[in-house]
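Next comes start_2.csv, with CSV, C-alpha atoms.
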chain,number,residue,atom,x,y,z
P,1,ASP,CA,88.6,107.3,123.8
P,2,ARG,CA,88.9,110.9,122.7
P,3,LEU,CA,89.8,111.2,119.0
P,4,ASN,CA,91.3,114.2,117.3
P,5,LEU,CA,90.6,113.7,113.6
P,6,GLY,CA,90.7,117.3,112.6
P,7,VAL,CA,94.4,117.8,112.1
P,8,GLY,CA,95.8,116.9,108.7
P,9,ALA,CA,99.1,115.5,109.8
P,10,TYR,CA,100.3,111.9,109.8
P,11,ARG,CA,100.3,109.9,113.1
P,12,THR,CA,101.6,106.4,113.8
P,13,GLU,CA,99.4,103.6,115.0
P,14,ALA,CA,100.3,104.8,118.5
P,15,GLY,CA,99.1,108.3,117.7
P,16,ALA,CA,102.5,110.0,117.7
P,17,PRO,CA,104.1,112.2,115.1
P,18,TRP,CA,106.7,110.4,112.9
P,19,VAL,CA,109.9,111.9,111.7
P,20,LEU,CA,110.9,109.7,108.7
P,21,PRO,CA,114.2,107.8,109.2
P,22,VAL,CA,115.3,109.0,105.8
P,23,VAL,CA,114.9,112.6,107.0
P,24,ARG,CA,117.0,111.9,110.0
P,25,GLU,CA,119.7,110.4,107.8
P,26,ALA,CA,119.6,113.3,105.4
P,27,GLU,CA,119.9,115.8,108.3
P,28,ALA,CA,122.9,113.8,109.7
P,29,ARG,CA,124.6,114.0,106.4
P,30,LEU,CA,123.9,117.8,106.1
P,31,LEU,CA,125.3,118.4,109.6
P,32,ALA,CA,128.4,116.4,108.9
P,33,SER,CA,129.0,118.3,105.7
P,34,GLY,CA,129.2,121.6,107.6
P,35,VAL,CA,126.6,123.5,105.6
P,36,ASP,CA,126.3,127.2,106.5
P,37,LYS,CA,123.3,129.3,107.3
P,38,GLU,CA,123.7,131.9,104.5
P,39,TYR,CA,120.7,133.3,102.6
P,40,LEU,CA,119.5,131.3,99.6
P,41,PRO,CA,118.9,133.1,96.3
P,42,ILE,CA,115.5,134.6,95.8
P,43,ASP,CA,114.3,131.6,93.7
P,44,GLY,CA,115.7,129.1,96.3
P,45,LEU,CA,118.1,126.2,96.3
P,46,ALA,CA,119.1,125.3,92.8
P,47,ALA,CA,119.4,121.6,93.6
P,48,PHE,CA,116.0,121.6,95.2
P,49,ASN,CA,114.4,123.3,92.3
P,50,ASP,CA,115.8,120.8,89.9
P,51,ALA,CA,114.8,117.8,92.1
P,52,THR,CA,111.3,119.0,92.8
P,53,ALA,CA,110.5,119.8,89.1
P,54,ARG,CA,111.8,116.3,88.1
P,55,LEU,CA,109.8,114.7,90.8
P,56,LEU,CA,106.6,116.4,89.7
P,57,LEU,CA,107.0,116.1,85.9
P,58,GLY,CA,109.2,113.1,85.6
P,59,ASP,CA,112.8,112.6,84.5
P,60,ALA,CA,111.7,112.2,80.9
P,61,SER,CA,109.5,115.3,80.9
P,62,PRO,CA,109.4,117.0,77.4
P,63,ALA,CA,108.7,120.3,79.1
P,64,LEU,CA,111.8,120.1,81.3
P,65,ALA,CA,113.9,119.0,78.4
P,66,GLY,CA,112.7,121.9,76.3
P,67,GLY,CA,113.4,124.5,79.0
P,68,ARG,CA,109.7,125.4,79.3
P,69,VAL,CA,109.4,125.1,83.1
P,70,ALA,CA,110.0,127.9,85.5
P,71,THR,CA,110.4,126.7,89.1
P,72,ILE,CA,110.7,128.8,92.2
P,73,GLN,CA,111.0,127.5,95.8
P,74,GLY,CA,108.1,128.6,97.9
P,75,LEU,CA,107.0,128.5,101.6
P,76,SER,CA,105.4,125.0,101.4
P,77,GLY,CA,102.1,124.6,99.6
P,78,THR,CA,100.4,127.7,101.1
P,79,GLY,CA,103.2,130.0,100.2
P,80,SER,CA,103.6,128.6,96.7
P,81,LEU,CA,99.9,129.0,96.1
P,82,ARG,CA,100.1,132.6,97.4
P,83,LEU,CA,103.0,133.4,95.1
P,84,GLY,CA,101.0,132.0,92.2
P,85,ALA,CA,98.0,134.1,93.3
P,86,ALA,CA,100.1,137.3,93.3
P,87,PHE,CA,101.4,136.4,89.8
P,88,ILE,CA,97.9,135.9,88.5
P,89,ALA,CA,96.7,139.2,90.1
P,90,LYS,CA,99.6,141.1,88.6
P,91,PHE,CA,99.8,139.7,85.1
P,92,LEU,CA,96.4,138.2,84.1
P,93,PRO,CA,93.7,140.6,82.9
P,94,PRO,CA,91.7,142.5,85.5
P,95,GLY,CA,88.6,140.6,86.6
P,96,THR,CA,90.2,137.1,86.1
P,97,THR,CA,88.3,134.7,88.3
P,98,VAL,CA,89.7,131.7,90.2
P,99,TYR,CA,87.4,128.7,90.4
P,100,CYS,CA,87.8,126.3,93.3
P,101,SER,CA,85.9,123.1,93.9
P,102,ASP,CA,82.9,122.9,96.2
P,103,PRO,CA,84.1,121.9,98.7
P,104,THR,CA,87.8,122.7,98.8
P,105,TRP,CA,90.6,123.2,101.3
P,106,GLY,CA,89.3,126.3,103.2
P,107,ASN,CA,92.6,128.2,102.9
P,108,HIS,CA,92.2,128.4,99.1
P,109,PHE,CA,89.7,131.2,99.3
P,110,ASN,CA,91.9,133.1,101.8
P,111,ILE,CA,94.9,132.7,99.6
P,112,PHE,CA,93.4,134.0,96.4
P,113,GLY,CA,91.1,136.5,98.0
P,114,ASP,CA,94.1,138.0,99.9
P,115,ALA,CA,95.8,138.6,96.5
P,116,GLY,CA,92.7,140.6,95.4
P,117,LEU,CA,91.3,137.9,93.1
P,118,GLY,CA,87.6,137.1,92.7
P,119,THR,CA,86.7,133.5,93.4
P,120,LYS,CA,83.8,131.2,92.5
P,121,ARG,CA,83.0,127.6,93.2
P,122,TYR,CA,82.5,124.7,90.8
P,123,ARG,CA,80.4,121.7,91.7
P,124,TYR,CA,82.6,118.7,92.8
P,125,PHE,CA,81.1,116.6,95.6
P,126,ASP,CA,77.8,114.7,95.3
P,127,PRO,CA,76.3,114.1,98.8
P,128,ALA,CA,73.9,111.5,97.4
P,129,THR,CA,76.7,109.2,96.3
P,130,ILE,CA,79.5,110.6,98.6
P,131,GLY,CA,81.4,110.8,95.3
P,132,LEU,CA,82.2,113.1,92.4
P,133,ASP,CA,79.6,115.3,90.8
P,134,PHE,CA,81.3,115.0,87.4
P,135,GLU,CA,78.4,116.3,85.4
P,136,GLY,CA,78.1,119.4,87.6
P,137,LEU,CA,81.8,119.9,87.5
P,138,MET,CA,81.9,119.9,83.7
P,139,ALA,CA,78.9,122.1,83.4
P,140,ASP,CA,80.3,124.8,85.8
P,141,LEU,CA,83.8,124.7,84.2
P,142,GLY,CA,82.2,124.8,80.8
P,143,ALA,CA,80.4,128.0,81.7
P,144,ALA,CA,83.6,129.7,83.1
P,145,PRO,CA,84.9,132.6,81.0
P,146,PRO,CA,88.0,131.9,78.9
P,147,GLY,CA,91.1,132.9,80.8
P,148,SER,CA,89.7,131.8,84.1
P,149,VAL,CA,92.0,130.0,86.5
P,150,ILE,CA,90.8,126.5,87.7
P,151,VAL,CA,92.2,125.2,90.9
P,152,LEU,CA,92.6,121.4,90.7
P,153,HIS,CA,93.8,119.0,93.4
P,154,GLY,CA,96.5,116.8,91.9
P,155,CYS,CA,95.5,113.8,94.0
P,156,ALA,CA,93.8,112.9,97.2
P,157,HIS,CA,91.3,115.8,97.0
P,158,ASN,CA,91.0,117.8,100.2
P,159,PRO,CA,88.6,117.5,102.0
P,160,THR,CA,86.7,114.8,100.2
P,161,GLY,CA,89.3,112.2,99.3
P,162,VAL,CA,87.4,111.8,96.0
P,163,ASP,CA,89.5,112.1,92.8
P,164,PRO,CA,88.4,112.0,89.1
P,165,SER,CA,89.2,108.9,87.2
P,166,ARG,CA,91.9,109.1,84.5
P,167,GLU,CA,89.1,109.2,81.8
P,168,GLN,CA,87.5,112.1,83.7
P,169,TRP,CA,90.8,113.9,84.0
P,170,GLY,CA,91.1,113.6,80.2
P,171,ALA,CA,87.7,115.2,79.8
P,172,ILE,CA,88.6,118.0,82.2
P,173,ALA,CA,91.9,118.6,80.3
P,174,ASP,CA,90.1,118.8,77.0
P,175,LEU,CA,87.6,121.3,78.4
P,176,CYS,CA,90.4,123.5,79.7
P,177,ALA,CA,92.0,123.4,76.3
P,178,SER,CA,88.8,124.1,74.3
P,179,ARG,CA,87.7,126.9,76.7
P,180,GLY,CA,91.1,128.5,77.3
P,181,LEU,CA,91.0,127.8,81.0
P,182,ILE,CA,94.3,127.9,83.0
P,183,PRO,CA,94.8,124.9,85.3
P,184,PHE,CA,96.4,125.6,88.7
P,185,PHE,CA,97.2,122.3,90.4
P,186,ASP,CA,97.7,122.0,94.2
P,187,VAL,CA,99.9,119.0,94.7
P,188,ALA,CA,100.1,118.4,98.5
P,189,TYR,CA,100.2,114.6,98.6
P,190,GLN,CA,102.4,113.3,95.9
P,191,GLY,CA,103.5,109.8,97.0
P,192,PHE,CA,101.6,110.1,100.2
P,193,ALA,CA,98.2,109.4,98.7
P,194,SER,CA,98.9,106.0,97.0
P,195,GLY,CA,102.5,105.4,98.0
P,196,ASP,CA,103.5,105.8,94.4
P,197,LEU,CA,105.1,109.1,93.3
P,198,ASP,CA,104.4,108.6,89.6
P,199,ALA,CA,100.8,107.6,90.0
P,200,ASP,CA,100.1,110.6,92.2
P,201,ALA,CA,101.6,113.0,89.7
P,202,TRP,CA,99.6,111.5,86.7
P,203,ALA,CA,97.1,114.3,86.3
P,204,PRO,CA,99.5,117.4,86.1
P,205,ARG,CA,101.9,115.3,83.8
P,206,PHE,CA,98.9,114.4,81.6
P,207,PHE,CA,97.8,118.0,81.3
P,208,ALA,CA,101.4,119.2,80.6
P,209,HIS,CA,102.7,116.5,78.3
P,210,GLU,CA,99.7,114.8,76.6
P,211,LYS,CA,97.6,117.9,76.2
P,212,GLY,CA,100.3,120.5,76.0
P,213,LEU,CA,98.6,122.9,78.3
P,214,GLU,CA,100.2,125.8,80.1
P,215,LEU,CA,99.6,125.5,83.8
P,216,LEU,CA,100.8,126.3,87.3
P,217,VAL,CA,101.6,123.7,90.0
P,218,ALA,CA,102.1,124.3,93.7
P,219,GLN,CA,104.0,121.5,95.6
P,220,SER,CA,104.4,120.8,99.3
P,221,TYR,CA,106.7,118.4,101.2
P,222,SER,CA,104.8,118.7,104.5
P,223,LYS,CA,103.0,115.3,104.1
P,224,ASN,CA,105.1,113.1,101.9
P,225,LEU,CA,108.4,113.8,103.8
P,226,GLY,CA,106.8,114.9,107.1
P,227,LEU,CA,108.5,118.3,106.9
P,228,TYR,CA,105.5,120.1,108.3
P,229,GLY,CA,107.5,122.7,110.2
P,230,GLU,CA,110.2,123.3,107.6
P,231,ARG,CA,107.8,125.0,105.1
P,232,VAL,CA,109.3,123.6,102.0
P,233,GLY,CA,107.5,123.6,98.6
P,234,ALA,CA,107.7,125.0,95.1
P,235,LEU,CA,105.7,126.8,92.4
P,236,ASN,CA,106.1,125.5,88.9
P,237,PHE,CA,105.0,127.2,85.7
P,238,VAL,CA,104.8,124.9,82.6
P,239,LEU,CA,104.9,127.3,79.6
P,240,ALA,CA,104.9,127.3,75.8
P,241,ASP,CA,108.5,128.2,75.2
P,242,PRO,CA,111.8,128.8,77.0
P,243,ALA,CA,111.7,132.6,76.5
P,244,THR,CA,108.4,132.8,78.3
P,245,ALA,CA,109.7,130.6,81.1
P,246,GLY,CA,112.6,133.0,81.6
P,247,ARG,CA,110.4,136.0,81.8
P,248,VAL,CA,108.0,134.3,84.1
P,249,LEU,CA,110.7,133.2,86.5
P,250,SER,CA,112.1,136.8,86.6
P,251,GLN,CA,108.8,138.2,87.5
P,252,ALA,CA,108.0,135.5,90.0
P,253,LYS,CA,111.3,136.4,91.7
P,254,ARG,CA,110.3,140.0,91.9
P,255,ILE,CA,107.1,139.1,93.7
P,256,ALA,CA,108.9,136.7,96.0
P,257,ARG,CA,111.4,139.4,96.9
P,258,ALA,CA,108.5,141.6,98.1
P,259,LEU,CA,106.6,138.9,99.9
P,260,TYR,CA,109.4,137.1,101.9
P,261,SER,CA,112.8,138.0,100.3
P,262,ASN,CA,114.1,134.4,100.0
P,263,PRO,CA,113.0,130.9,101.2
P,264,PRO,CA,114.4,128.8,104.1
P,265,ALA,CA,117.3,126.5,103.4
P,266,HIS,CA,117.1,123.5,105.7
P,267,GLY,CA,114.0,121.7,104.3
P,268,ALA,CA,115.1,122.4,100.7
P,269,ARG,CA,118.4,120.8,101.5
P,270,ILE,CA,116.7,117.7,102.9
P,271,VAL,CA,114.6,117.3,99.8
P,272,ALA,CA,117.5,117.7,97.5
P,273,ALA,CA,119.6,115.2,99.5
P,274,VAL,CA,116.8,112.6,99.5
P,275,VAL,CA,115.8,112.9,95.9
P,276,GLY,CA,119.3,113.3,94.6
P,277,ASP,CA,120.8,110.1,96.3
P,278,PRO,CA,119.6,106.8,94.9
P,279,ALA,CA,119.8,105.0,98.2
P,280,LEU,CA,117.9,107.7,100.2
P,281,PHE,CA,115.4,108.0,97.4
P,282,GLY,CA,114.7,104.3,97.5
P,283,GLN,CA,114.4,104.4,101.3
P,284,TRP,CA,111.9,107.3,101.0
P,285,LYS,CA,109.7,105.4,98.7
P,286,VAL,CA,109.5,102.5,101.1
P,287,GLU,CA,108.7,104.9,104.0
P,288,MET,CA,106.0,106.7,102.0
P,289,ALA,CA,104.5,103.3,101.1
P,290,THR,CA,104.5,102.6,104.9
P,291,MET,CA,102.5,105.7,105.6
P,292,ALA,CA,100.1,105.2,102.7
P,293,GLY,CA,99.7,101.5,103.6
P,294,ARG,CA,98.8,102.3,107.2
P,295,ILE,CA,96.1,104.7,106.1
P,296,LYS,CA,94.7,102.2,103.7
P,297,ALA,CA,94.6,99.6,106.4
P,298,VAL,CA,92.7,102.0,108.7
P,299,ARG,CA,90.2,102.7,105.8
P,300,THR,CA,89.6,99.0,105.4
P,301,ARG,CA,89.1,98.4,109.1
P,302,LEU,CA,86.8,101.4,109.5
P,303,ALA,CA,84.6,100.3,106.6
P,304,ALA,CA,84.3,96.9,108.1
P,305,GLU,CA,83.4,98.3,111.5
P,306,LEU,CA,80.8,100.7,110.0
P,307,ALA,CA,79.2,97.9,108.1
P,308,ALA,CA,78.8,96.0,111.3
P,309,ALA,CA,77.7,98.9,113.4
P,310,ALA,CA,75.3,100.4,110.9
P,311,PRO,CA,74.3,97.6,108.4
P,312,GLY,CA,72.1,98.5,105.5
P,313,ARG,CA,74.1,101.5,104.5
P,314,ASP,CA,76.7,101.7,101.7
P,315,TRP,CA,80.0,102.4,103.5
P,316,GLY,CA,82.1,101.6,100.4
P,317,PHE,CA,83.0,105.2,100.0
P,318,VAL,CA,85.4,104.9,102.9
P,319,THR,CA,87.7,102.7,100.8
P,320,ARG,CA,86.9,104.3,97.4
P,321,GLN,CA,88.3,107.6,98.7
P,322,ILE,CA,92.0,108.1,98.7
P,323,GLY,CA,94.6,109.8,100.9
P,324,MET,CA,94.5,110.8,104.5
P,325,LEU,CA,91.1,112.6,104.5
P,326,SER,CA,87.6,111.2,104.3
P,327,PHE,CA,84.4,113.1,103.8
P,328,THR,CA,82.0,111.1,105.9
P,329,GLY,CA,78.7,112.7,104.8
P,330,LEU,CA,77.8,113.6,108.4
P,331,THR,CA,75.8,116.8,108.8
P,332,PRO,CA,76.8,119.7,111.0
P,333,PRO,CA,74.4,118.6,113.8
P,334,GLN,CA,75.7,115.1,113.6
P,335,VAL,CA,79.3,116.4,113.8
P,336,ALA,CA,78.3,118.5,116.9
P,337,ARG,CA,76.9,115.3,118.5
P,338,MET,CA,80.1,113.4,117.7
P,339,THR,CA,82.0,116.1,119.7
P,340,ALA,CA,79.6,116.6,122.5
P,341,VAL,CA,78.7,113.0,123.2
P,342,HIS,CA,81.6,110.9,121.9
P,343,HIS,CA,84.5,113.4,122.1
P,344,VAL,CA,85.4,112.8,118.4
P,345,TYR,CA,86.8,116.0,117.1
P,346,MET,CA,86.5,116.7,113.3
P,347,THR,CA,85.9,119.6,111.0
P,348,GLY,CA,82.3,120.9,110.9
P,349,ASP,CA,81.8,119.8,107.3
P,350,GLY,CA,82.2,116.1,108.3
P,351,ARG,CA,85.8,115.7,107.2
P,352,ILE,CA,88.0,113.3,109.2
P,353,SER,CA,91.7,112.8,109.0
P,354,LEU,CA,92.3,109.0,108.9
P,355,ALA,CA,96.0,109.7,109.6
P,356,GLY,CA,94.9,110.5,113.2
P,357,LEU,CA,93.0,107.2,113.6
P,358,SER,CA,94.4,103.8,114.6
P,359,GLU,CA,93.0,100.5,113.7
P,360,ALA,CA,92.4,99.8,117.4
P,361,LYS,CA,90.2,102.9,117.7
P,362,ALA,CA,88.2,102.2,114.4
P,363,PRO,CA,85.5,100.3,116.3
P,364,TYR,CA,84.9,103.3,118.7
P,365,LEU,CA,84.7,105.7,115.8
P,366,ALA,CA,82.3,103.4,113.9
P,367,ALA,CA,80.0,103.0,116.9
P,368,ALA,CA,80.0,106.8,117.4
P,369,MET,CA,79.1,107.4,113.8
P,370,ALA,CA,76.3,104.8,114.0
P,371,ASP,CA,74.9,106.5,117.1
P,372,VAL,CA,74.7,110.0,115.6
P,373,ILE,CA,73.2,108.6,112.4
P,374,LYS,CA,70.5,106.8,114.4
P,375,GLU,CA,69.8,109.9,116.5
P,376,ALA,CA,69.5,112.2,113.5

Written as structure tokens, that's how I'd like the structure from this file.
Amino acid sequence: DRLNLGVGAYRTEAGAPWVLPVVREAEARLLASGVDKEYLPIDGLAAFNDATARLLLGDASPALAGGRVATIQGLSGTGSLRLGAAFIAKFLPPGTTVYCSDPTWGNHFNIFGDAGLGTKRYRYFDPATIGLDFEGLMADLGAAPPGSVIVLHGCAHNPTGVDPSREQWGAIADLCASRGLIPFFDVAYQGFASGDLDADAWAPRFFAHEKGLELLVAQSYSKNLGLYGERVGALNFVLADPATAGRVLSQAKRIARALYSNPPAHGARIVAAVVGDPALFGQWKVEMATMAGRIKAVRTRLAAELAAAAPGRDWGFVTRQIGMLSFTGLTPPQVARMTAVHHVYMTGDGRISLAGLSEAKAPYLAAAMADVIKEA
């Protein structure tokens, strides 16, 4: 009955890692083609950079058509964020502050702090509703000095699973425009959150195309293609004009050269092969929908089991949240009891990874949660 719900990696209903069949097919094609093991250029595989920018911004992107996007392959999401952090530290005015949501993925503070940047938190999660503290968010961002960098989760917010509505995203974009704030999107779950690549990229596309904002976007293929160990991602800059895009790419390459010289080839080739082939691309979308659908089914089952195990509470947040993570609202003492008594392992802030839960184990988790709430 032990449950490891701390690791943010997809598992099958049987609790095993899953290598997507489309990845196996792409790898077989690469092997058959006799690709070499030579270094990539500093900015990465050209076919990957083109594919990942189109996937993020859309084939009809005005920014791409206008040559206003600078894309550099990075070391998954973490390395892409770190590259962006180094760029901010080098080229934005001294004292520029990076604002991260409260709570956020814990590594965000490591990444920006390691680059020598100051960080602050903006309100995001409302424990009373287990939802978004939109008023607090707007107040804190409204008080941020012009030129501040605002880290935004493109979809499936980590750790809460709580995303703004499209209307709320519009208000955040307007605030960034009026206050001169610089959005930095962390897009770790495109296609994995809802099963729809376009829906999950709505927010950065809206900021870039509808509001005309300059912004940074870090991408990762760990979750949506299951390429956890390949460390494949990208950093994109959406800028005001092609000349600026060229200068930014040149400087980003200088930073990358000092940090890691050049990125790994294998994962980038897999992404380029999958996105660039219509048949493989279609297969990928089906397999992403399979992963997203399993997690949605687990959410539905867990919400029903919680309603039965602990009636009288509103457990609707379980299905309102999106993606593989859920912020349960459990306190640190309750989390400690989950581990000590029920052997359910989760992060200390009450976050669970539903990707590590099966429908069959949902009743056990619900009973454990009901017990620790009762004992509190």

12 Å contact set for P:Val98, only C-alpha atoms, chain neighbours under 6 positions out, as a ChimeraX atom specification | /P:84-85,88-89,92,108-113,115-122,141,144-152,181-184

Generate the output file for the selected residues, C-alpha atoms, as a PDB file, in the frame of the given file.
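Contents of selection06.pdb, freshly written:
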ATOM      1  CA  GLY P  84     101.000 132.000  92.200  1.00  0.00           C
ATOM      2  CA  ALA P  85      98.000 134.100  93.300  1.00  0.00           C
ATOM      3  CA  ILE P  88      97.900 135.900  88.500  1.00  0.00           C
ATOM      4  CA  ALA P  89      96.700 139.200  90.100  1.00  0.00           C
ATOM      5  CA  LEU P  92      96.400 138.200  84.100  1.00  0.00           C
ATOM      6  CA  HIS P 108      92.200 128.400  99.100  1.00  0.00           C
ATOM      7  CA  PHE P 109      89.700 131.200  99.300  1.00  0.00           C
ATOM      8  CA  ASN P 110      91.900 133.100 101.800  1.00  0.00           C
ATOM      9  CA  ILE P 111      94.900 132.700  99.600  1.00  0.00           C
ATOM     10  CA  PHE P 112      93.400 134.000  96.400  1.00  0.00           C
ATOM     11  CA  GLY P 113      91.100 136.500  98.000  1.00  0.00           C
ATOM     12  CA  ALA P 115      95.800 138.600  96.500  1.00  0.00           C
ATOM     13  CA  GLY P 116      92.700 140.600  95.400  1.00  0.00           C
ATOM     14  CA  LEU P 117      91.300 137.900  93.100  1.00  0.00           C
ATOM     15  CA  GLY P 118      87.600 137.100  92.700  1.00  0.00           C
ATOM     16  CA  THR P 119      86.700 133.500  93.400  1.00  0.00           C
ATOM     17  CA  LYS P 120      83.800 131.200  92.500  1.00  0.00           C
ATOM     18  CA  ARG P 121      83.000 127.600  93.200  1.00  0.00           C
ATOM     19  CA  TYR P 122      82.500 124.700  90.800  1.00  0.00           C
ATOM     20  CA  LEU P 141      83.800 124.700  84.200  1.00  0.00           C
ATOM     21  CA  ALA P 144      83.600 129.700  83.100  1.00  0.00           C
ATOM     22  CA  PRO P 145      84.900 132.600  81.000  1.00  0.00           C
ATOM     23  CA  PRO P 146      88.000 131.900  78.900  1.00  0.00           C
ATOM     24  CA  GLY P 147      91.100 132.900  80.800  1.00  0.00           C
ATOM     25  CA  SER P 148      89.700 131.800  84.100  1.00  0.00           C
ATOM     26  CA  VAL P 149      92.000 130.000  86.500  1.00  0.00           C
ATOM     27  CA  ILE P 150      90.800 126.500  87.700  1.00  0.00           C
ATOM     28  CA  VAL P 151      92.200 125.200  90.900  1.00  0.00           C
ATOM     29  CA  LEU P 152      92.600 121.400  90.700  1.00  0.00           C
ATOM     30  CA  LEU P 181      91.000 127.800  81.000  1.00  0.00           C
ATOM     31  CA  ILE P 182      94.300 127.900  83.000  1.00  0.00           C
ATOM     32  CA  PRO P 183      94.800 124.900  85.300  1.00  0.00           C
ATOM     33  CA  PHE P 184      96.400 125.600  88.700  1.00  0.00           C
TER      34      PHE P 184
END

List as JSON lines every residue of stretch 23-115 of chain P that is in contact with stretch 238-254 of chain P, defined as an atom at most 10 Å from one of its atoms (using only C-alpha atoms), together with the nearest atom pair and the distance in Å rounded to one decimal, sorted by chain and then rising number.
{"residue": "P:Pro41", "atom": "CA", "partner": "P:Lys253", "partner_atom": "CA", "distance": 9.5}
{"residue": "P:Ile42", "atom": "CA", "partner": "P:Lys253", "partner_atom": "CA", "distance": 6.1}
{"residue": "P:Asp43", "atom": "CA", "partner": "P:Lys253", "partner_atom": "CA", "distance": 6.0}
{"residue": "P:Gly44", "atom": "CA", "partner": "P:Lys253", "partner_atom": "CA", "distance": 9.7}
{"residue": "P:Leu57", "atom": "CA", "partner": "P:Val238", "partner_atom": "CA", "distance": 9.7}
{"residue": "P:Ala63", "atom": "CA", "partner": "P:Val238", "partner_atom": "CA", "distance": 7.0}
{"residue": "P:Leu64", "atom": "CA", "partner": "P:Val238", "partner_atom": "CA", "distance": 8.6}
{"residue": "P:Gly66", "atom": "CA", "partner": "P:Pro242", "partner_atom": "CA", "distance": 7.0}
{"residue": "P:Gly67", "atom": "CA", "partner": "P:Pro242", "partner_atom": "CA", "distance": 5.0}
{"residue": "P:Arg68", "atom": "CA", "partner": "P:Pro242", "partner_atom": "CA", "distance": 4.6}
{"residue": "P:Val69", "atom": "CA", "partner": "P:Val238", "partner_atom": "CA", "distance": 4.6}
{"residue": "P:Ala70", "atom": "CA", "partner": "P:Ala245", "partner_atom": "CA", "distance": 5.2}
{"residue": "P:Thr71", "atom": "CA", "partner": "P:Leu249", "partner_atom": "CA", "distance": 7.0}
{"residue": "P:Ile72", "atom": "CA", "partner": "P:Leu249", "partner_atom": "CA", "distance": 7.2}
{"residue": "P:Gln73", "atom": "CA", "partner": "P:Lys253", "partner_atom": "CA", "distance": 9.8}
{"residue": "P:Leu83", "atom": "CA", "partner": "P:Ala252", "partner_atom": "CA", "distance": 7.4}
{"residue": "P:Gly84", "atom": "CA", "partner": "P:Ala252", "partner_atom": "CA", "distance": 8.1}
{"residue": "P:Ala86", "atom": "CA", "partner": "P:Ala252", "partner_atom": "CA", "distance": 8.7}
{"residue": "P:Phe87", "atom": "CA", "partner": "P:Ala252", "partner_atom": "CA", "distance": 6.7}
{"residue": "P:Lys90", "atom": "CA", "partner": "P:Gln251", "partner_atom": "CA", "distance": 9.7}
{"residue": "P:Phe91", "atom": "CA", "partner": "P:Gln251", "partner_atom": "CA", "distance": 9.4}

With the cut-off set at 6 Å and counting all atoms listed in the file, tabulate each residue of stretch 81-176 of chain P with an atom at most that distance from an atom of stretch 309-333 of chain P, showing the nearest atom pair and its distance in Å to one decimal, ordered by chain and increasing number, as CSV.
residue,atom,partner,partner_atom,distance
P:Ala156,CA,P:Gly323,CA,4.9
P:Thr160,CA,P:Phe327,CA,4.6
P:Gly161,CA,P:Gln321,CA,4.7
P:Val162,CA,P:Gln321,CA,5.1

What does the distance between atom CA of P:Tyr39 and atom CA of P:Gly267 come to in Å, to one decimal place?
->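 We find that atom CA of P:Tyr39 and atom CA of P:Gly267 lie 13.5 Å from each other.
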
Quote the spacing between atom CA of P:Ile255 and atom CA of P:Val187 in Å to one decimal place.
->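 Separation of atom CA of P:Ile255 and atom CA of P:Val187: 21.4 Å.
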
In Å, rounded to a single decimal, give me how far atom CA of P:Asp50 is from atom CA of P:Pro278.
->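 Answer for the atom CA of P:Pro278 to atom CA of P:Asp50 separation: 15.3 Å.
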
Nearest to P:Ile270: which of P:Thr300, P:Thr12, P:Thr52, P:Asn4 is it, counting only C-alpha atoms?
->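 Distance minimum relative to P:Ile270 lands on P:Thr52.
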
Among listed residues P:Leu81, P:Ala289, P:Tyr99, P:Asn158, nearest P:Ser220 (using only C-alpha atoms) | P:Leu81

Taking into account only C-alpha atoms, which residue in the set P:Ala26, P:Lys37, P:Ala234, P:Ala65 is nearest to P:Ala256?
-> P:Ala234

Check the smallest atom-to-atom distance from each of P:Met138, P:Leu259, P:Ala203, P:Val232 to P:Ser76 using only C-alpha atoms, then report the winner.
->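 The answer is P:Val232, which sits nearest to P:Ser76.
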
Excluding same-chain residues fewer than 6 positions from P:Ala268, what lies within 9 Å of it counting only C-alpha atoms, as a ChimeraX atom specification?
-> /P:44-45,47-49,73,230-233

Counting only C-alpha atoms, the option among P:Gly142, P:Gly79, P:Pro62, P:Pro159 closest to P:Asp102 = P:Pro159

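Considering all atoms listed in the file, the residue among P:Pro263, P:Gly58, P:Pro363, P:Gly276 positioned nearest to P:Ala308 is P:Pro363.
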
With the input short on atoms, add N, CA, C and O atoms back to stretch 264-268 of chain P and write it as a short mmCIF file (atom, residue, chain, number, x, y, z; two decimals), keeping the file's coordinate frame.
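In the end it all went to out29.cif:
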data_model
loop_
_atom_site.label_atom_id
_atom_site.label_comp_id
_atom_site.auth_asym_id
_atom_site.auth_seq_id
_atom_site.Cartn_x
_atom_site.Cartn_y
_atom_site.Cartn_z
N PRO P 264 113.49 129.46 103.14
CA PRO P 264 114.40 128.80 104.10
C PRO P 264 115.15 127.64 103.45
O PRO P 264 114.69 127.01 102.49
N ALA P 265 116.35 127.38 104.01
CA ALA P 265 117.30 126.50 103.40
C ALA P 265 117.18 125.03 103.84
O ALA P 265 117.36 124.09 103.05
N HIS P 266 116.89 124.82 105.12
CA HIS P 266 117.10 123.50 105.70
C HIS P 266 116.21 122.43 105.02
O HIS P 266 116.69 121.38 104.60
N GLY P 267 114.89 122.70 104.93
CA GLY P 267 114.00 121.70 104.30
C GLY P 267 114.34 121.46 102.87
O GLY P 267 114.26 120.32 102.39
N ALA P 268 114.71 122.52 102.15
CA ALA P 268 115.10 122.40 100.70
C ALA P 268 116.31 121.46 100.60
O ALA P 268 116.40 120.64 99.67
#
